[in-house]
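Visitor: Provided below: model.pdb, containing PDB, C-alpha atoms.
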MODEL        1
ATOM      1  CA  MET A   1      -9.312 -22.922  -0.001
ATOM      2  CA  SER A   2      -5.814 -23.550  -1.323
ATOM      3  CA  ILE A   3      -4.039 -21.110  -3.606
ATOM      4  CA  ARG A   4      -3.650 -22.994  -6.885
ATOM      5  CA  VAL A   5      -0.300 -22.485  -8.602
ATOM      6  CA  LEU A   6       1.020 -23.464 -12.035
ATOM      7  CA  VAL A   7       4.808 -23.646 -12.389
ATOM      8  CA  ALA A   8       6.206 -23.032 -15.873
ATOM      9  CA  ASP A   9       9.948 -23.556 -16.310
ATOM     10  CA  ASP A  10      12.028 -25.600 -18.735
ATOM     11  CA  GLN A  11      14.367 -26.800 -15.978
ATOM     12  CA  THR A  12      13.162 -29.897 -14.151
ATOM     13  CA  LEU A  13      15.157 -29.061 -11.035
ATOM     14  CA  VAL A  14      13.580 -25.603 -10.806
ATOM     15  CA  ARG A  15      10.054 -26.969 -11.203
ATOM     16  CA  THR A  16      10.711 -29.682  -8.631
ATOM     17  CA  GLY A  17      12.212 -27.220  -6.176
ATOM     18  CA  PHE A  18       9.321 -24.790  -6.525
ATOM     19  CA  ARG A  19       6.807 -27.613  -6.099
ATOM     20  CA  LEU A  20       8.474 -28.868  -2.925
ATOM     21  CA  ILE A  21       8.654 -25.374  -1.419
ATOM     22  CA  LEU A  22       5.092 -24.382  -2.276
ATOM     23  CA  ASN A  23       3.432 -27.693  -1.428
ATOM     24  CA  ALA A  24       5.021 -27.498   2.014
ATOM     25  CA  GLU A  25       2.714 -24.547   2.682
ATOM     26  CA  PRO A  26      -0.737 -25.708   3.886
ATOM     27  CA  GLU A  27      -2.558 -22.968   1.941
ATOM     28  CA  ILE A  28      -0.736 -23.450  -1.398
ATOM     29  CA  GLU A  29      -1.029 -26.261  -3.931
ATOM     30  CA  VAL A  30       0.956 -26.704  -7.148
ATOM     31  CA  ILE A  31      -1.682 -28.074  -9.493
ATOM     32  CA  SER A  32       0.477 -28.592 -12.583
ATOM     33  CA  GLU A  33       3.817 -27.967 -14.276
ATOM     34  CA  ALA A  34       4.800 -26.885 -17.786
ATOM     35  CA  ALA A  35       8.189 -27.369 -19.412
ATOM     36  CA  ASP A  36       7.686 -24.996 -22.342
ATOM     37  CA  GLY A  37       5.744 -21.906 -23.344
ATOM     38  CA  PRO A  38       2.928 -23.516 -25.362
ATOM     39  CA  ALA A  39       2.212 -25.981 -22.562
ATOM     40  CA  ALA A  40       2.184 -23.150 -20.014
ATOM     41  CA  VAL A  41      -0.411 -21.184 -21.987
ATOM     42  CA  LYS A  42      -2.549 -24.266 -22.642
ATOM     43  CA  LEU A  43      -2.526 -25.437 -19.025
ATOM     44  CA  ALA A  44      -3.121 -21.949 -17.617
ATOM     45  CA  ARG A  45      -6.143 -21.456 -19.848
ATOM     46  CA  GLN A  46      -7.531 -24.884 -18.998
ATOM     47  CA  LEU A  47      -6.868 -24.907 -15.248
ATOM     48  CA  ARG A  48      -7.207 -21.154 -14.468
ATOM     49  CA  PRO A  49      -4.659 -21.206 -11.605
ATOM     50  CA  ASP A  50      -4.681 -18.438  -9.027
ATOM     51  CA  VAL A  51      -1.019 -17.726  -9.829
ATOM     52  CA  THR A  52       1.283 -18.811 -12.641
ATOM     53  CA  LEU A  53       5.026 -18.693 -12.032
ATOM     54  CA  MET A  54       6.482 -18.069 -15.491
ATOM     55  CA  ASP A  55      10.093 -18.486 -16.543
ATOM     56  CA  ILE A  56      11.347 -16.063 -19.205
ATOM     57  CA  LYS A  57      13.554 -18.353 -21.285
ATOM     58  CA  MET A  58      11.518 -21.332 -22.468
ATOM     59  CA  PRO A  59      11.376 -23.352 -25.688
ATOM     60  CA  GLY A  60       8.522 -23.036 -28.154
ATOM     61  CA  LEU A  61       7.224 -19.760 -26.735
ATOM     62  CA  ASP A  62       9.166 -17.455 -24.446
ATOM     63  CA  GLY A  63       7.743 -16.385 -21.115
ATOM     64  CA  ILE A  64       7.136 -12.807 -22.219
ATOM     65  CA  ARG A  65       4.895 -13.794 -25.112
ATOM     66  CA  ALA A  66       3.201 -16.422 -22.945
ATOM     67  CA  THR A  67       2.555 -13.792 -20.271
ATOM     68  CA  ARG A  68       1.020 -11.438 -22.822
ATOM     69  CA  MET A  69      -1.288 -14.234 -24.011
ATOM     70  CA  LEU A  70      -2.450 -14.889 -20.433
ATOM     71  CA  ALA A  71      -2.385 -11.437 -18.847
ATOM     72  CA  GLY A  72      -1.931  -8.919 -21.647
ATOM     73  CA  PRO A  73      -4.082  -5.843 -22.288
ATOM     74  CA  ASP A  74      -6.182  -7.676 -24.857
ATOM     75  CA  VAL A  75      -7.059 -10.572 -22.540
ATOM     76  CA  PRO A  76     -10.666 -10.161 -21.315
ATOM     77  CA  ASP A  77     -10.188 -12.214 -18.134
ATOM     78  CA  PRO A  78      -6.454 -12.001 -17.352
ATOM     79  CA  LEU A  79      -4.619 -14.393 -15.090
ATOM     80  CA  ARG A  80      -2.092 -13.436 -12.431
ATOM     81  CA  VAL A  81       1.410 -14.138 -13.703
ATOM     82  CA  VAL A  82       4.633 -13.703 -11.747
ATOM     83  CA  VAL A  83       7.675 -13.760 -13.992
ATOM     84  CA  VAL A  84      10.661 -15.661 -12.606
ATOM     85  CA  THR A  85      14.086 -14.691 -13.904
ATOM     86  CA  THR A  86      17.730 -15.398 -13.204
ATOM     87  CA  TYR A  87      18.662 -11.714 -13.299
ATOM     88  CA  ASP A  88      16.805  -8.804 -11.701
ATOM     89  CA  ILE A  89      18.321  -6.369 -14.210
ATOM     90  CA  ASP A  90      17.171  -7.795 -17.509
ATOM     91  CA  GLU A  91      15.549  -6.121 -20.506
ATOM     92  CA  ASN A  92      13.196  -9.081 -20.709
ATOM     93  CA  VAL A  93      11.770  -8.219 -17.293
ATOM     94  CA  TYR A  94      10.703  -4.782 -18.491
ATOM     95  CA  ALA A  95       8.955  -6.361 -21.445
ATOM     96  CA  ALA A  96       7.305  -8.917 -19.163
ATOM     97  CA  LEU A  97       5.859  -6.209 -16.907
ATOM     98  CA  LEU A  98       4.477  -4.390 -19.925
ATOM     99  CA  ALA A  99       3.064  -7.714 -21.134
ATOM    100  CA  GLY A 100       0.871  -7.888 -18.035
ATOM    101  CA  ALA A 101       2.932  -9.654 -15.376
ATOM    102  CA  CYS A 102       1.866  -8.553 -11.898
ATOM    103  CA  GLY A 103       5.394  -8.956 -10.543
ATOM    104  CA  PHE A 104       8.658 -10.811 -10.822
ATOM    105  CA  LEU A 105      11.076 -12.785  -8.702
ATOM    106  CA  ARG A 106      14.666 -13.937  -8.961
ATOM    107  CA  LYS A 107      15.092 -17.700  -9.059
ATOM    108  CA  ASP A 108      17.557 -17.496  -6.179
ATOM    109  CA  ALA A 109      15.272 -15.345  -4.011
ATOM    110  CA  GLY A 110      14.761 -18.175  -1.551
ATOM    111  CA  PRO A 111      11.764 -20.156  -0.234
ATOM    112  CA  ARG A 112      10.305 -17.377   1.915
ATOM    113  CA  LEU A 113      10.138 -14.829  -0.889
ATOM    114  CA  LEU A 114       8.757 -17.411  -3.291
ATOM    115  CA  VAL A 115       5.868 -18.078  -0.926
ATOM    116  CA  GLU A 116       5.374 -14.352  -0.317
ATOM    117  CA  ALA A 117       5.342 -13.718  -4.073
ATOM    118  CA  VAL A 118       2.466 -16.153  -4.503
ATOM    119  CA  HIS A 119       0.489 -14.582  -1.661
ATOM    120  CA  ALA A 120       1.189 -11.072  -2.977
ATOM    121  CA  ALA A 121      -0.018 -11.966  -6.465
ATOM    122  CA  VAL A 122      -3.284 -13.339  -5.080
ATOM    123  CA  LYS A 123      -3.813 -10.074  -3.198
ATOM    124  CA  GLY A 124      -3.135  -8.047  -6.328
ATOM    125  CA  GLU A 125       0.264  -6.918  -5.090
ATOM    126  CA  ALA A 126       3.733  -7.594  -6.467
ATOM    127  CA  MET A 127       6.527  -9.250  -4.498
ATOM    128  CA  VAL A 128       9.285  -6.852  -5.476
ATOM    129  CA  SER A 129      11.726  -5.334  -3.029
ATOM    130  CA  PRO A 130      11.762  -1.508  -3.055
ATOM    131  CA  SER A 131      15.417  -1.331  -4.195
ATOM    132  CA  VAL A 132      14.802  -3.618  -7.142
ATOM    133  CA  THR A 133      11.567  -1.789  -7.963
ATOM    134  CA  VAL A 134      13.428   1.500  -8.219
ATOM    135  CA  ARG A 135      16.171   0.037 -10.425
ATOM    136  CA  LEU A 136      13.737  -1.707 -12.725
ATOM    137  CA  LEU A 137      11.031   0.912 -13.003
ATOM    138  CA  SER A 138      13.534   3.699 -13.559
ATOM    139  CA  HIS A 139      14.041   2.050 -16.939
ATOM    140  CA  PHE A 140      10.596   3.230 -17.913
ATOM    141  CA  THR A 141      11.601   6.871 -17.582
ATOM    142  CA  LYS A 142      13.606   6.304 -20.756
ATOM    143  CA  ALA A 143      10.635   5.027 -22.735
ATOM    144  CA  PRO A 144       7.565   6.898 -24.012
ATOM    145  CA  THR A 145       4.450   6.253 -21.956
ATOM    146  CA  ARG A 146       1.569   4.201 -23.310
ATOM    147  CA  GLN A 147      -0.859   6.245 -21.238
ATOM    148  CA  SER A 148      -1.903   9.884 -21.434
ATOM    149  CA  ALA A 149       0.478  12.430 -19.978
ATOM    150  CA  SER A 150       0.205  12.804 -16.218
ATOM    151  CA  ALA A 151      -1.021  16.374 -16.564
ATOM    152  CA  ASP A 152      -4.051  15.096 -18.447
ATOM    153  CA  VAL A 153      -5.087  12.714 -15.648
ATOM    154  CA  PRO A 154      -6.990  14.423 -12.796
ATOM    155  CA  LEU A 155      -5.630  12.569  -9.773
ATOM    156  CA  THR A 156      -6.511  13.873  -6.343
ATOM    157  CA  ALA A 157      -3.717  14.762  -3.945
ATOM    158  CA  ARG A 158      -4.329  11.589  -1.918
ATOM    159  CA  GLU A 159      -4.453   9.423  -5.036
ATOM    160  CA  LEU A 160      -1.097  10.878  -6.064
ATOM    161  CA  ASP A 161       0.309  10.019  -2.615
ATOM    162  CA  VAL A 162      -0.824   6.430  -3.092
ATOM    163  CA  VAL A 163       0.598   6.276  -6.624
ATOM    164  CA  LEU A 164       3.997   7.511  -5.448
ATOM    165  CA  ALA A 165       4.016   4.954  -2.638
ATOM    166  CA  VAL A 166       3.190   2.138  -5.051
ATOM    167  CA  ALA A 167       5.887   3.321  -7.461
ATOM    168  CA  THR A 168       8.538   3.028  -4.750
ATOM    169  CA  GLY A 169       7.548  -0.491  -3.745
ATOM    170  CA  SER A 170       5.224  -0.036  -0.761
ATOM    171  CA  THR A 171       2.556  -2.614  -0.020
ATOM    172  CA  ASN A 172      -1.050  -1.650   0.704
ATOM    173  CA  ALA A 173      -0.464  -2.138   4.424
ATOM    174  CA  GLU A 174       2.619   0.097   4.359
ATOM    175  CA  ILE A 175       0.738   2.759   2.393
ATOM    176  CA  ALA A 176      -2.130   2.694   4.899
ATOM    177  CA  ALA A 177       0.263   3.074   7.821
ATOM    178  CA  GLY A 178       2.339   5.778   6.126
ATOM    179  CA  LEU A 179      -0.657   7.892   5.113
ATOM    180  CA  ASP A 180      -2.660   7.125   8.253
ATOM    181  CA  ILE A 181      -5.641   5.808   6.313
ATOM    182  CA  SER A 182      -7.474   2.488   6.321
ATOM    183  CA  LEU A 183      -6.568  -0.443   4.105
ATOM    184  CA  SER A 184      -9.951  -0.236   2.414
ATOM    185  CA  THR A 185      -9.315   3.434   1.606
ATOM    186  CA  VAL A 186      -5.999   2.519  -0.001
ATOM    187  CA  LYS A 187      -7.739  -0.076  -2.145
ATOM    188  CA  SER A 188     -10.424   2.440  -3.070
ATOM    189  CA  HIS A 189      -7.800   4.971  -4.184
ATOM    190  CA  LEU A 190      -5.977   2.315  -6.209
ATOM    191  CA  ALA A 191      -9.200   1.284  -7.944
ATOM    192  CA  SER A 192      -9.918   4.917  -8.787
ATOM    193  CA  VAL A 193      -6.420   5.468 -10.150
ATOM    194  CA  GLN A 194      -6.588   2.293 -12.233
ATOM    195  CA  GLY A 195      -9.778   3.544 -13.845
ATOM    196  CA  LYS A 196      -8.364   7.006 -14.539
ATOM    197  CA  ILE A 197      -5.082   5.887 -16.116
ATOM    198  CA  LYS A 198      -6.476   2.643 -17.542
ATOM    199  CA  ALA A 199      -4.039   0.464 -15.585
ATOM    200  CA  ARG A 200      -4.876  -3.173 -14.921
ATOM    201  CA  ASN A 201      -2.873  -3.653 -11.709
ATOM    202  CA  ARG A 202      -0.503  -1.926  -9.300
ATOM    203  CA  THR A 203       2.522  -2.806 -11.433
ATOM    204  CA  GLU A 204       1.089  -0.805 -14.324
ATOM    205  CA  ILE A 205       0.361   2.049 -11.903
ATOM    206  CA  ALA A 206       4.045   2.056 -10.892
ATOM    207  CA  ILE A 207       5.161   1.922 -14.520
ATOM    208  CA  TRP A 208       2.852   4.833 -15.342
ATOM    209  CA  ALA A 209       4.300   6.885 -12.494
ATOM    210  CA  TRP A 210       7.866   6.289 -13.637
ATOM    211  CA  GLN A 211       7.053   6.914 -17.294
ATOM    212  CA  ASN A 212       5.459  10.236 -16.413
ATOM    213  CA  ARG A 213       8.461  11.296 -14.317
ATOM    214  CA  LEU A 214       6.444  11.409 -11.092
ATOM    215  CA  VAL A 215       9.273   9.530  -9.346
ATOM    216  CA  ARG A 216      12.937  10.486  -9.492
TER     217      ARG A 216
ENDMDL
END
Show me the file's structure as structure tokens.
Guide:
Amino acid sequence: MSIRVLVADDQTLVRTGFRLILNAEPEIEVISEAADGPAAVKLARQLRPDVTLMDIKMPGLDGIRATRMLAGPDVPDPLRVVVVTTYDIDENVYAALLAGACGFLRKDAGPRLLVEAVHAAVKGEAMVSPSVTVRLLSHFTKAPTRQSASADVPLTARELDVVLAVATGSTNAEIAAGLDISLSTVKSHLASVQGKIKARNRTEIAIWAWQNRLVR
């Protein structure tokens, strides 16, 4: 089955470019486009795409608020949203991650990373390079955590290893190889951690780790 993608961006050239790149992949299909925030929310709720690529700056409703409406903590059945931005160091990106976005991508990242970002989102991972992850998530060490303090969360030693790997940008496959455990074990640890710290995805796990000063 094809991965169904909704592209939300107020620039026609960006939407057209993303559609051409993604539709060239046999396993991906762009099912619709939205030129503003309200349309993005309406279409996403109606069509339930596998992944929504969401621009930050849009008329009517900005991408951060739209992301929160589709993937925020109060959404009972959240969608996977990847925020697309012009700048990788942008206060709006931090807000977007806290709003529920499972990852983000620069608009000039290139066709290969765009395709990988869609695949990563479907797998529950975020297409974020380790260097950018460190720069962005280090911002959260300056903000108070929304979760309980790390000392109050009884993570096992192996769960902590997995959390630290996620917080520095490793994929599940890289974590499995680095810790010499199976992929299913990695997923099991992540599920356990999500339940303990009340995180909804791996991005929130990484944010939690940075907020609690587990990563320097």
Visitor: Name the residues captured by the PyMOL selection byres ((chain A and resi 108-110) around 10) when it is applied to the shown file; answer as a list in words.
Guide: Phe18, Ile21, Val84, Thr85, Thr86, Tyr87, Leu105, Arg106, Lys107, Pro111, Arg112, Leu113, Leu114 and Val115 of chain A
Visitor: What's the separation between atom CA of A:Ala24 and atom CA of A:Leu70, in Å to one decimal place?
Guide: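 Computing the Euclidean distance for atom CA of A:Ala24 and atom CA of A:Leu70 yields 26.8 Å.
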Visitor: To one decimal place in Å, what is the distance between atom CA of A:Lys198 and atom CA of A:Arg48?
Guide: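 Answer for the atom CA of A:Lys198 to atom CA of A:Arg48 separation: 24.0 Å.
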Visitor: List the residues sitting within 10 Å of (8.8, -19.2, -17.6) in the file's frame, using all atoms listed in the file, as a PyMOL selection string.
Guide: chain A and resi 7-11+34-37+40+52-59+61-64+66-67+81-85
Visitor: For the provided coordinates, the residues matched by the PyMOL selection byres ((chain A and resi 160) around 12) should be stated as an MDAnalysis selection string.
Guide: chainID A and resid 150:151 153:159 161:167 175 179 186 189:190 192:194 196:197 205:206 208:209 214:215
Visitor: Taking all atoms listed in the file into account, which of A:Gly124, A:Pro26, A:Pro49, A:Gly178 comes nearest A:Val5?
Guide: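 Once distances to A:Val5 are computed over all atoms listed in the file, the minimum belongs to A:Pro49.
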Visitor: Between A:Met1, A:Arg68, A:Leu98, A:Val14, which has the minimum distance to A:Gln211 (counting only C-alpha atoms)?
Guide: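 Looking only at the distances to A:Gln211, the closest residue turns out to be A:Leu98.
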Visitor: Please indicate the distance in Å from atom CA of A:Val41 to atom CA of A:His119, rounded to one decimal place.
Guide: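 Going from atom CA of A:Val41 over to atom CA of A:His119, I get 21.4 Å.
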Visitor: Name the residues in contact with A:Ile28 at a cut-off of 8 Å, using all atoms listed in the file, excluding same-chain residues fewer than 6 positions from it; report them as an MDAnalysis selection string.
Guide: chainID A and resid 2:5 22
Visitor: Identify which of the residues A:Arg65, A:Arg200, A:Arg213, A:Arg45 lies closest to A:Glu125, counting all atoms listed in the file when measuring atom-to-atom distances.
Guide: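 Nearest candidate to A:Glu125 out of A:Arg65, A:Arg200, A:Arg213, A:Arg45: A:Arg200.
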Visitor: So which one's closest to A:Ile31, A:Leu183, A:Leu47, A:Trp210, A:Thr16? Using only C-alpha atoms, please.
Guide: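 Among the listed residues, the smallest separation from A:Ile31 belongs to A:Leu47.
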